file target-v3.cif (mmCIF, C-alpha atoms)
data_target
#
loop_
_atom_site.label_atom_id
_atom_site.label_comp_id
_atom_site.auth_asym_id
_atom_site.auth_seq_id
_atom_site.Cartn_x
_atom_site.Cartn_y
_atom_site.Cartn_z
CA LEU B 44 329.50 129.69 246.46
CA ARG B 45 329.54 133.43 247.19
CA LYS B 46 327.13 132.85 250.07
CA ASP B 47 329.30 130.00 251.45
CA GLU B 48 326.43 127.57 250.89
CA ILE B 49 328.68 125.21 248.89
CA ASP B 50 332.44 124.71 248.77
CA LEU B 51 334.80 123.94 245.89
CA ASP B 52 335.14 120.22 246.71
CA GLN B 53 331.35 119.83 246.65
CA MET B 54 331.13 121.67 243.34
CA MET B 55 333.83 119.47 241.82
CA ALA B 56 331.96 116.37 243.03
CA LEU B 57 328.69 117.59 241.48
CA ALA B 58 330.52 118.19 238.20
CA VAL B 59 331.02 114.43 237.65
CA SER B 60 327.53 114.51 236.15
CA GLU B 61 326.32 116.78 233.35
CA ASP B 62 322.69 116.17 234.38
CA HIS B 63 321.73 119.36 236.22
CA GLU B 64 318.46 117.87 237.48
CA ALA B 65 320.36 114.93 238.97
CA GLN B 66 322.79 117.36 240.61
CA GLU B 67 319.92 119.25 242.23
CA ARG B 68 318.12 116.06 243.25
CA VAL B 69 321.19 114.62 244.98
CA TRP B 70 322.05 117.95 246.65
CA GLU B 71 318.52 118.33 248.05
CA SER B 72 318.34 114.69 249.18
CA LEU B 73 321.40 115.06 251.42
CA ASP B 74 321.34 116.87 254.74
CA SER B 75 324.00 119.56 255.13
CA TYR B 76 326.24 117.35 257.28
CA GLU B 77 326.06 114.54 254.67
CA ARG B 78 327.16 116.65 251.70
CA HIS B 79 330.71 115.30 251.61
CA ALA B 80 332.30 115.18 248.17
CA SER B 81 332.61 111.39 248.41
CA ASN B 82 328.89 111.02 249.18
CA ILE B 83 327.91 113.27 246.29
CA ARG B 84 330.10 111.35 243.83
CA ARG B 85 328.75 108.03 245.04
CA TYR B 86 325.16 109.12 244.49
CA LEU B 87 325.78 110.66 241.06
CA LEU B 88 327.98 107.90 239.70
CA GLY B 89 325.69 105.18 241.01
CA GLN B 90 328.64 103.13 242.20
CA ALA B 91 327.71 99.50 242.85
CA ILE B 92 327.37 98.60 246.53
CA GLU B 93 328.17 95.10 247.77
CA ALA B 94 324.87 93.90 249.24
CA ALA B 95 326.30 91.31 251.64
CA ARG B 96 328.65 93.75 253.39
CA ASP B 97 327.12 97.22 253.22
CA PRO B 98 325.38 98.32 256.48
CA VAL B 99 322.87 100.53 254.65
CA VAL B 100 321.77 97.62 252.43
CA LYS B 101 321.31 95.46 255.54
CA PHE B 102 319.31 98.23 257.21
CA VAL B 103 316.97 98.83 254.24
CA GLY B 104 316.76 95.19 253.15
CA LEU B 105 317.10 93.91 249.60
CA GLU B 106 313.39 93.08 249.39
CA ALA B 107 312.38 96.65 250.22
CA TYR B 108 314.99 98.03 247.80
CA GLU B 109 313.81 95.80 244.94
CA ALA B 110 310.15 96.49 245.76
CA ALA B 111 310.90 100.20 245.28
CA GLY B 112 312.25 99.50 241.80
CA GLY B 113 315.92 99.01 242.69
CA VAL B 114 318.10 96.72 240.61
CA VAL B 115 320.47 94.13 242.08
CA THR B 116 323.30 93.06 239.78
CA LYS B 117 324.46 89.45 240.09
CA ASP B 118 327.93 88.23 239.21
CA LEU B 119 327.66 85.24 236.87
CA PHE B 120 330.68 83.62 238.52
CA ALA B 121 329.88 84.61 242.09
CA GLU B 122 330.14 82.09 244.90
CA GLU B 123 327.00 80.57 246.38
CA GLY B 124 325.29 82.90 248.83
CA ASP B 125 326.60 86.08 247.18
CA GLU B 126 323.73 88.60 247.19
CA GLY B 127 325.17 90.71 244.38
CA TYR B 128 325.47 94.47 244.08
CA VAL B 129 323.00 97.30 244.60
CA ALA B 130 323.16 99.52 241.53
CA ASN B 131 321.02 102.51 242.57
CA ALA B 132 322.76 104.22 245.51
CA GLU B 133 320.43 107.21 245.36
CA LEU B 134 317.33 105.03 245.84
CA LEU B 135 318.99 102.96 248.55
CA TYR B 136 319.94 106.01 250.61
CA ARG B 137 316.52 107.60 250.11
CA LEU B 138 314.86 104.48 251.53
CA ALA B 139 317.31 104.45 254.43
CA LYS B 140 316.61 108.10 255.16
CA GLU B 141 312.86 107.47 255.21
CA LYS B 142 313.31 104.77 257.86
CA LEU B 143 315.69 106.91 259.89
CA ASP B 144 313.38 109.93 259.66
CA ALA B 145 310.48 107.85 261.03
CA GLU B 146 312.54 106.98 264.12
CA ALA B 147 313.68 110.60 264.51
CA LYS B 148 310.03 111.68 264.43
CA ARG B 149 309.27 109.29 267.29
CA LEU B 150 312.19 110.70 269.27
CA GLU B 151 310.78 114.22 269.05
CA ALA B 152 308.12 113.14 271.56
CA GLU B 153 310.86 112.67 274.16
CA GLY B 154 311.38 116.44 274.17
CA TRP B 155 314.82 116.80 272.56
CA ARG B 156 315.69 120.22 271.15
CA TRP B 157 316.77 118.64 267.86
CA THR B 158 317.07 115.28 266.13
CA GLU B 159 319.24 114.33 263.14
CA THR B 160 319.57 111.25 260.97
CA ARG B 161 322.80 109.89 259.48
CA THR B 162 323.50 106.73 257.53
CA SER B 163 326.83 106.50 259.38
CA PHE B 164 328.08 108.14 262.55
CA ASP B 165 331.69 107.23 263.24
CA TYR B 166 333.97 108.23 266.10
CA SER B 167 335.28 111.38 264.39
CA GLU B 168 331.72 112.65 263.87
CA ARG B 169 330.59 111.79 267.41
CA HIS B 170 333.68 113.56 268.76
CA THR B 171 332.42 116.93 267.47
CA PHE B 172 329.51 116.80 269.94
CA GLY B 173 329.56 117.30 273.67
CA GLU B 174 327.60 115.13 276.10
CA ALA B 175 324.65 116.47 278.05
CA PRO B 176 324.84 116.20 281.85
CA MET B 177 322.47 113.60 283.18
CA GLY B 178 321.48 111.71 286.24
CA MET B 179 321.44 107.94 286.33
CA ARG B 180 319.89 105.50 288.75
CA GLU B 181 321.84 102.52 290.02
CA PRO B 182 321.50 99.34 287.91
CA THR B 183 319.53 96.40 289.24
CA ASP B 184 321.51 93.22 289.99
CA LYS B 185 320.34 91.77 286.67
CA GLU B 186 321.32 94.92 284.75
CA LYS B 187 324.71 95.05 286.46
CA ALA B 188 325.52 91.45 285.51
CA LYS B 189 324.43 92.05 281.92
CA LEU B 190 326.47 95.26 281.66
CA GLU B 191 329.58 93.47 282.92
CA ALA B 192 329.09 90.65 280.40
CA LEU B 193 328.58 93.12 277.55
CA ALA B 194 331.65 95.12 278.57
CA LYS B 195 333.76 91.95 278.40
CA GLU B 196 332.26 90.99 275.03
CA GLN B 197 333.05 94.42 273.59
CA GLU B 198 336.55 94.47 275.11
CA ASP B 199 337.37 91.00 273.75
CA ALA B 200 336.11 91.86 270.24
CA GLU B 201 338.04 95.14 270.14
CA ALA B 202 341.22 93.46 271.42
CA ALA B 203 340.92 90.81 268.70
CA LEU B 204 340.42 93.53 266.10
CA GLU B 205 343.53 95.32 267.28
CA VAL B 206 345.56 92.11 266.91
CA LEU B 207 344.04 91.51 263.48
CA TYR B 208 344.95 94.98 262.20
CA ASP B 209 348.46 94.87 263.69
CA GLY B 210 349.57 92.64 260.82
CA GLU B 211 350.10 93.47 257.18
CA GLU B 212 347.12 95.31 255.66
CA ASP B 213 346.94 92.92 252.70
CA ASP B 214 346.76 89.92 255.04
CA VAL B 215 343.72 91.09 257.02
CA ASP B 216 340.87 88.57 257.01
CA GLN B 217 338.02 90.96 256.15
CA ASP B 218 335.28 88.45 256.97
CA LYS B 219 336.74 87.96 260.43
CA ALA B 220 337.17 91.71 260.87
CA ASP B 221 333.53 92.29 259.90
CA ASP B 222 332.39 89.62 262.35
CA LEU B 223 334.38 91.22 265.18
CA GLU B 224 333.08 94.70 264.30
CA THR B 225 329.54 93.33 264.37
CA ARG B 226 330.11 91.71 267.79
CA ALA B 227 331.53 94.94 269.22
CA ASP B 228 328.66 96.98 267.72
CA LYS B 229 326.06 94.59 269.14
CA ALA B 230 327.61 94.78 272.61
CA ARG B 231 327.67 98.60 272.42
CA ARG B 232 324.06 98.67 271.23
CA GLU B 233 322.81 96.38 274.01
CA THR B 234 324.77 98.39 276.58
CA GLU B 235 323.20 101.61 275.30
CA LYS B 236 319.71 100.12 275.62
CA ILE B 237 320.28 99.24 279.27
CA ARG B 238 321.88 102.59 280.08
CA ALA B 239 319.09 104.44 278.28
CA LYS B 240 316.62 102.91 280.74
CA MET B 241 318.74 104.13 283.65
CA ARG B 242 319.23 107.72 282.45
CA ARG B 243 317.41 110.74 283.77
CA TYR B 244 317.57 113.94 281.71
CA THR B 245 316.11 117.11 283.23
CA PRO B 246 313.84 119.40 281.18
CA GLU B 247 316.59 122.06 280.97
CA VAL B 248 318.99 119.47 279.51
CA LEU B 249 316.40 118.36 276.96
CA ALA B 250 316.07 122.02 275.97
CA ILE B 251 319.70 122.20 274.78
CA ALA B 252 320.54 118.63 273.73
CA GLY B 253 319.52 116.36 270.90
CA ALA B 254 319.72 112.87 269.45
CA VAL B 255 321.24 111.36 266.31
CA VAL B 256 319.65 108.33 264.67
CA SER B 257 322.17 106.32 262.66
CA ILE B 258 323.07 102.91 261.23
CA ASP B 259 325.84 100.95 262.88
CA HIS B 260 328.40 98.64 261.25
CA SER B 261 326.04 95.64 261.40
CA GLY B 262 323.18 97.51 259.73
CA ALA B 263 321.17 98.02 262.92
CA LEU B 264 319.45 101.26 263.89
CA THR B 265 321.24 103.08 266.72
CA VAL B 266 320.10 106.12 268.72
CA HIS B 267 322.70 108.44 270.28
CA ARG B 268 320.89 110.55 272.90
CA GLY B 269 322.09 113.50 274.95
CA LEU B 270 324.38 115.07 272.33
CA VAL B 271 325.26 118.76 272.55
CA LYS B 272 326.24 120.88 269.56
CA ALA B 273 329.25 123.21 269.73
CA GLU B 274 327.13 126.33 270.21
CA ASP B 275 325.40 124.81 273.26
CA LYS B 276 328.44 123.30 275.03
CA LYS B 277 328.90 126.38 277.22
CA GLU B 278 325.31 126.18 278.49
CA ALA B 279 325.70 122.43 279.09
CA LYS B 280 328.72 123.14 281.30
CA LYS B 281 326.69 125.67 283.30
CA ILE B 282 323.94 123.12 283.85
CA ALA B 283 326.45 120.46 284.88
CA ALA B 284 328.05 122.86 287.38
CA ARG B 285 324.77 123.62 289.17
CA PRO B 286 324.00 121.77 292.40
CA ALA B 287 321.51 118.95 292.02
CA GLY B 288 317.96 120.28 292.22
CA ALA B 289 318.92 123.89 291.48
CA ALA B 290 316.67 125.69 288.99
CA SER B 291 318.20 127.41 285.98
CA ASP B 292 316.91 130.87 286.94
CA GLY B 293 318.07 130.57 290.54
CA GLY B 294 314.52 130.64 291.88
CA GLY B 295 312.55 127.70 293.15
CA GLU B 296 313.64 124.10 293.27
CA SER B 297 312.99 121.09 291.15
CA SER B 298 311.16 118.19 292.71
CA GLY B 299 314.19 115.96 292.23
CA GLU B 300 314.99 112.97 290.07
CA ASP B 301 311.40 111.79 289.78
CA GLU B 302 310.62 114.92 287.78
CA ALA B 303 313.16 114.10 285.05
CA PRO B 304 311.90 111.87 282.24
CA ALA B 305 313.27 108.36 281.90
CA ILE B 306 314.53 107.82 278.36
CA SER B 307 314.24 104.23 277.23
CA GLU B 308 314.82 102.36 273.99
CA ALA B 309 311.66 101.23 272.25
#

call {"tool": "encode", "arguments": {"input": "target-v3.cif", "output": "structure tokens"}}
result
Amino acid sequence: LRKDEIDLDQMMALAVSEDHEAQERVWESLDSYERHASNIRRYLLGQAIEAARDPVVKFVGLEAYEAAGGVVTKDLFAEEGDEGYVANAELLYRLAKEKLDAEAKRLEAEGWRWTETRTSFDYSERHTFGEAPMGMREPTDKEKAKLEALAKEQEDAEAALEVLYDGEEDDVDQDKADDLETRADKARRETEKIRAKMRRYTPEVLAIAGAVVSIDHSGALTVHRGLVKAEDKKEAKKIAARPAGAASDGGGESSGEDEAPAISEA
């Protein structure tokens, strides 16, 4: 606390358990940006997670979770098709992190300065990053048609969500909301895959930018490339302001767009 390595909210969250080893284990298992008080409490208290709805459960898979020794609690009076509740949040998130870390390791080969993994990456978190300047080739006729169709799919799903949430909170059909969120996420994900194939990041951009590997609302793995941390935003602006083909040190010229690596989704 004196070294500003932990804050009061985090300490209070850790204090829900008297097991010091469990406190240390949970603290070490979370990356610095995941050490929110709510996350810490969830891990330590082992709060049950609804298997049918939770994105992390969908991402890991119940079979993999149970194979690792995880317990699924079933409700005796549950409706048919109910998958029950995941009891061991710590195990679930460890398995998710292992899968995310494997993808982040693969991304390192693309030359990014840094990679991070997060079980969720919502708008407020994405908003803290800047975007790296990049070049982009024109889409093919097939890509253009697909992008237009995906844009309409996402727009329609988000418009329907807005209408759904305009009513009384207690009257919201959560199953319908989840379905719409999943449709919007899928459209965004497919759009990102196409755009990733069209992007061209220069070596100097790769030297300051990174990528975040996360899980979207539907439980699918998503890669957010070309993100710039606060301390590198100034340098990103300098790169963006340079004329195309200009070298960072003012001497020599790049060989143009062909020199920049094409980043595509595997």

call {"tool": "atom_distance", "arguments": {"input": "target-v3.cif", "atom1": "CA of Arg78 in chain B", "atom2": "CA of Gln53 in chain B"}}
result
7.3 Å

call {"tool": "atom_distance", "arguments": {"input": "target-v3.cif", "atom1": "CA of Val100 in chain B", "atom2": "CA of His267 in chain B"}}
result
20.9 Å

call {"tool": "resolve_selection", "arguments": {"input": "target-v3.cif", "expression": "the PyMOL selection byres ((chain B and resi 200) around 12)", "output": "PyMOL selection string"}}
result
chain B and resi 193-199+201-207+219-231

call {"tool": "resolve_selection", "arguments": {"input": "target-v3.cif", "expression": "the PyMOL selection byres ((chain B and resi 235) around 10)", "output": "PyMOL selection string"}}
result
chain B and resi 190+229-234+236-241+265-268+307-308

call {"tool": "resolve_selection", "arguments": {"input": "target-v3.cif", "expression": "the PyMOL selection byres ((chain B and resi 176) around 8)", "output": "PyMOL selection string"}}
result
chain B and resi 174-175+177-178+244+248+269+279-280+282-283

call {"tool": "atom_distance", "arguments": {"input": "target-v3.cif", "atom1": "CA of Arg169 in chain B", "atom2": "CA of Ala250 in chain B"}}
result
19.7 Å

call {"tool": "closest_atom_pairs", "arguments": {"input": "target-v3.cif", "of": "range 85-111 of chain B", "to": "range 144-164 of chain B", "cutoff": "10 Å", "atoms": "all atoms listed in the file", "output": "CSV"}}
result
residue,atom,partner,partner_atom,distance
B:Pro98,CA,B:Thr162,CA,8.7
B:Val99,CA,B:Thr162,CA,6.9
B:Phe102,CA,B:Thr162,CA,9.5

call {"tool": "residues_around", "arguments": {"input": "target-v3.cif", "residues": "range 83-88 of chain B", "least_positions_apart": "3", "cutoff": "7 Å", "atoms": "all atoms listed in the file", "output": "list in words"}}
result
Ala56, Leu57, Val59, Ser60, Val69, Arg78, His79, Ala80, Ala132 and Glu133 of chain B

call {"tool": "residues_around", "arguments": {"input": "target-v3.cif", "residues": "Thr171 in chain B", "least_positions_apart": "2", "cutoff": "10 Å", "atoms": "all atoms listed in the file", "output": "number ranges by chain"}}
result
B: 166-169, 173, 270-273

call {"tool": "write_last_selection", "arguments": {"input": "target-v3.cif", "atoms": "C-alpha atoms", "output": "CSV table (one decimal), keeping the file's coordinate frame"}}
result
chain,number,residue,atom,x,y,z
B,166,TYR,CA,334.0,108.2,266.1
B,167,SER,CA,335.3,111.4,264.4
B,168,GLU,CA,331.7,112.6,263.9
B,169,ARG,CA,330.6,111.8,267.4
B,173,GLY,CA,329.6,117.3,273.7
B,270,LEU,CA,324.4,115.1,272.3
B,271,VAL,CA,325.3,118.8,272.6
B,272,LYS,CA,326.2,120.9,269.6
B,273,ALA,CA,329.2,123.2,269.7

call {"tool": "axis_aligned_box", "arguments": {"input": "target-v3.cif", "around": "range 158-175 of chain B", "padding_each_side": "8 Å", "output": "lines of an AutoDock Vina configuration file"}}
result
center_x = 326.2
center_y = 111.9
center_z = 267.8
size_x = 34.2
size_y = 26.8
size_z = 36.5

call {"tool": "decode", "arguments": {"input": "target-v3.cif", "residues": "range 234-286 of chain B", "atoms": "C-alpha atoms", "output": "PDB file, in the first residue's frame"}}
result
ATOM      1  CA  THR B 234     -16.132  -7.064 -39.985  1.00  0.00           C
ATOM      2  CA  GLU B 235     -12.881  -6.992 -38.013  1.00  0.00           C
ATOM      3  CA  LYS B 236     -11.651 -10.141 -39.771  1.00  0.00           C
ATOM      4  CA  ILE B 237     -12.195  -8.588 -43.199  1.00  0.00           C
ATOM      5  CA  ARG B 238     -10.645  -5.258 -42.213  1.00  0.00           C
ATOM      6  CA  ALA B 239      -7.677  -7.028 -40.623  1.00  0.00           C
ATOM      7  CA  LYS B 240      -6.870  -8.525 -44.032  1.00  0.00           C
ATOM      8  CA  MET B 241      -6.973  -5.056 -45.582  1.00  0.00           C
ATOM      9  CA  ARG B 242      -4.784  -3.281 -43.010  1.00  0.00           C
ATOM     10  CA  ARG B 243      -1.172  -2.331 -43.475  1.00  0.00           C
ATOM     11  CA  TYR B 244       0.823  -1.389 -40.377  1.00  0.00           C
ATOM     12  CA  THR B 245       4.339  -0.012 -40.871  1.00  0.00           C
ATOM     13  CA  PRO B 246       7.254  -1.283 -38.757  1.00  0.00           C
ATOM     14  CA  GLU B 247       7.402   2.023 -36.835  1.00  0.00           C
ATOM     15  CA  VAL B 248       3.709   1.662 -35.928  1.00  0.00           C
ATOM     16  CA  LEU B 249       4.246  -1.918 -34.767  1.00  0.00           C
ATOM     17  CA  ALA B 250       7.048  -0.589 -32.561  1.00  0.00           C
ATOM     18  CA  ILE B 251       4.640   1.558 -30.494  1.00  0.00           C
ATOM     19  CA  ALA B 252       1.302  -0.271 -30.731  1.00  0.00           C
ATOM     20  CA  GLY B 253      -0.098  -3.493 -29.368  1.00  0.00           C
ATOM     21  CA  ALA B 254      -3.011  -5.901 -29.375  1.00  0.00           C
ATOM     22  CA  VAL B 255      -5.547  -7.042 -26.793  1.00  0.00           C
ATOM     23  CA  VAL B 256      -6.977 -10.559 -26.923  1.00  0.00           C
ATOM     24  CA  SER B 257     -10.385 -10.770 -25.262  1.00  0.00           C
ATOM     25  CA  ILE B 258     -13.697 -12.631 -25.087  1.00  0.00           C
ATOM     26  CA  ASP B 259     -16.758 -11.003 -26.588  1.00  0.00           C
ATOM     27  CA  HIS B 260     -20.368 -11.173 -25.377  1.00  0.00           C
ATOM     28  CA  SER B 261     -21.027 -14.423 -27.282  1.00  0.00           C
ATOM     29  CA  GLY B 262     -17.986 -16.171 -25.814  1.00  0.00           C
ATOM     30  CA  ALA B 263     -15.864 -15.898 -28.965  1.00  0.00           C
ATOM     31  CA  LEU B 264     -12.200 -14.911 -29.015  1.00  0.00           C
ATOM     32  CA  THR B 265     -11.643 -11.396 -30.355  1.00  0.00           C
ATOM     33  CA  VAL B 266      -8.375  -9.646 -31.246  1.00  0.00           C
ATOM     34  CA  HIS B 267      -8.144  -5.837 -31.060  1.00  0.00           C
ATOM     35  CA  ARG B 268      -5.046  -4.806 -33.025  1.00  0.00           C
ATOM     36  CA  GLY B 269      -3.370  -1.429 -33.398  1.00  0.00           C
ATOM     37  CA  LEU B 270      -4.052  -0.109 -29.880  1.00  0.00           C
ATOM     38  CA  VAL B 271      -1.858   2.624 -28.424  1.00  0.00           C
ATOM     39  CA  LYS B 272      -1.325   3.150 -24.701  1.00  0.00           C
ATOM     40  CA  ALA B 273      -1.545   6.634 -23.170  1.00  0.00           C
ATOM     41  CA  GLU B 274       2.229   7.046 -22.937  1.00  0.00           C
ATOM     42  CA  ASP B 275       2.633   6.347 -26.676  1.00  0.00           C
ATOM     43  CA  LYS B 276      -0.242   8.462 -28.043  1.00  0.00           C
ATOM     44  CA  LYS B 277       2.041  11.452 -28.674  1.00  0.00           C
ATOM     45  CA  GLU B 278       4.411   9.363 -30.796  1.00  0.00           C
ATOM     46  CA  ALA B 279       1.450   7.859 -32.675  1.00  0.00           C
ATOM     47  CA  LYS B 280       0.288  11.368 -33.590  1.00  0.00           C
ATOM     48  CA  LYS B 281       3.770  12.203 -34.896  1.00  0.00           C
ATOM     49  CA  ILE B 282       3.751   9.100 -37.085  1.00  0.00           C
ATOM     50  CA  ALA B 283       0.263   9.881 -38.375  1.00  0.00           C
ATOM     51  CA  ALA B 284       1.330  13.444 -39.256  1.00  0.00           C
ATOM     52  CA  ARG B 285       4.288  12.329 -41.387  1.00  0.00           C
ATOM     53  CA  PRO B 286       3.850  12.215 -45.163  1.00  0.00           C
TER      54      PRO B 286
END
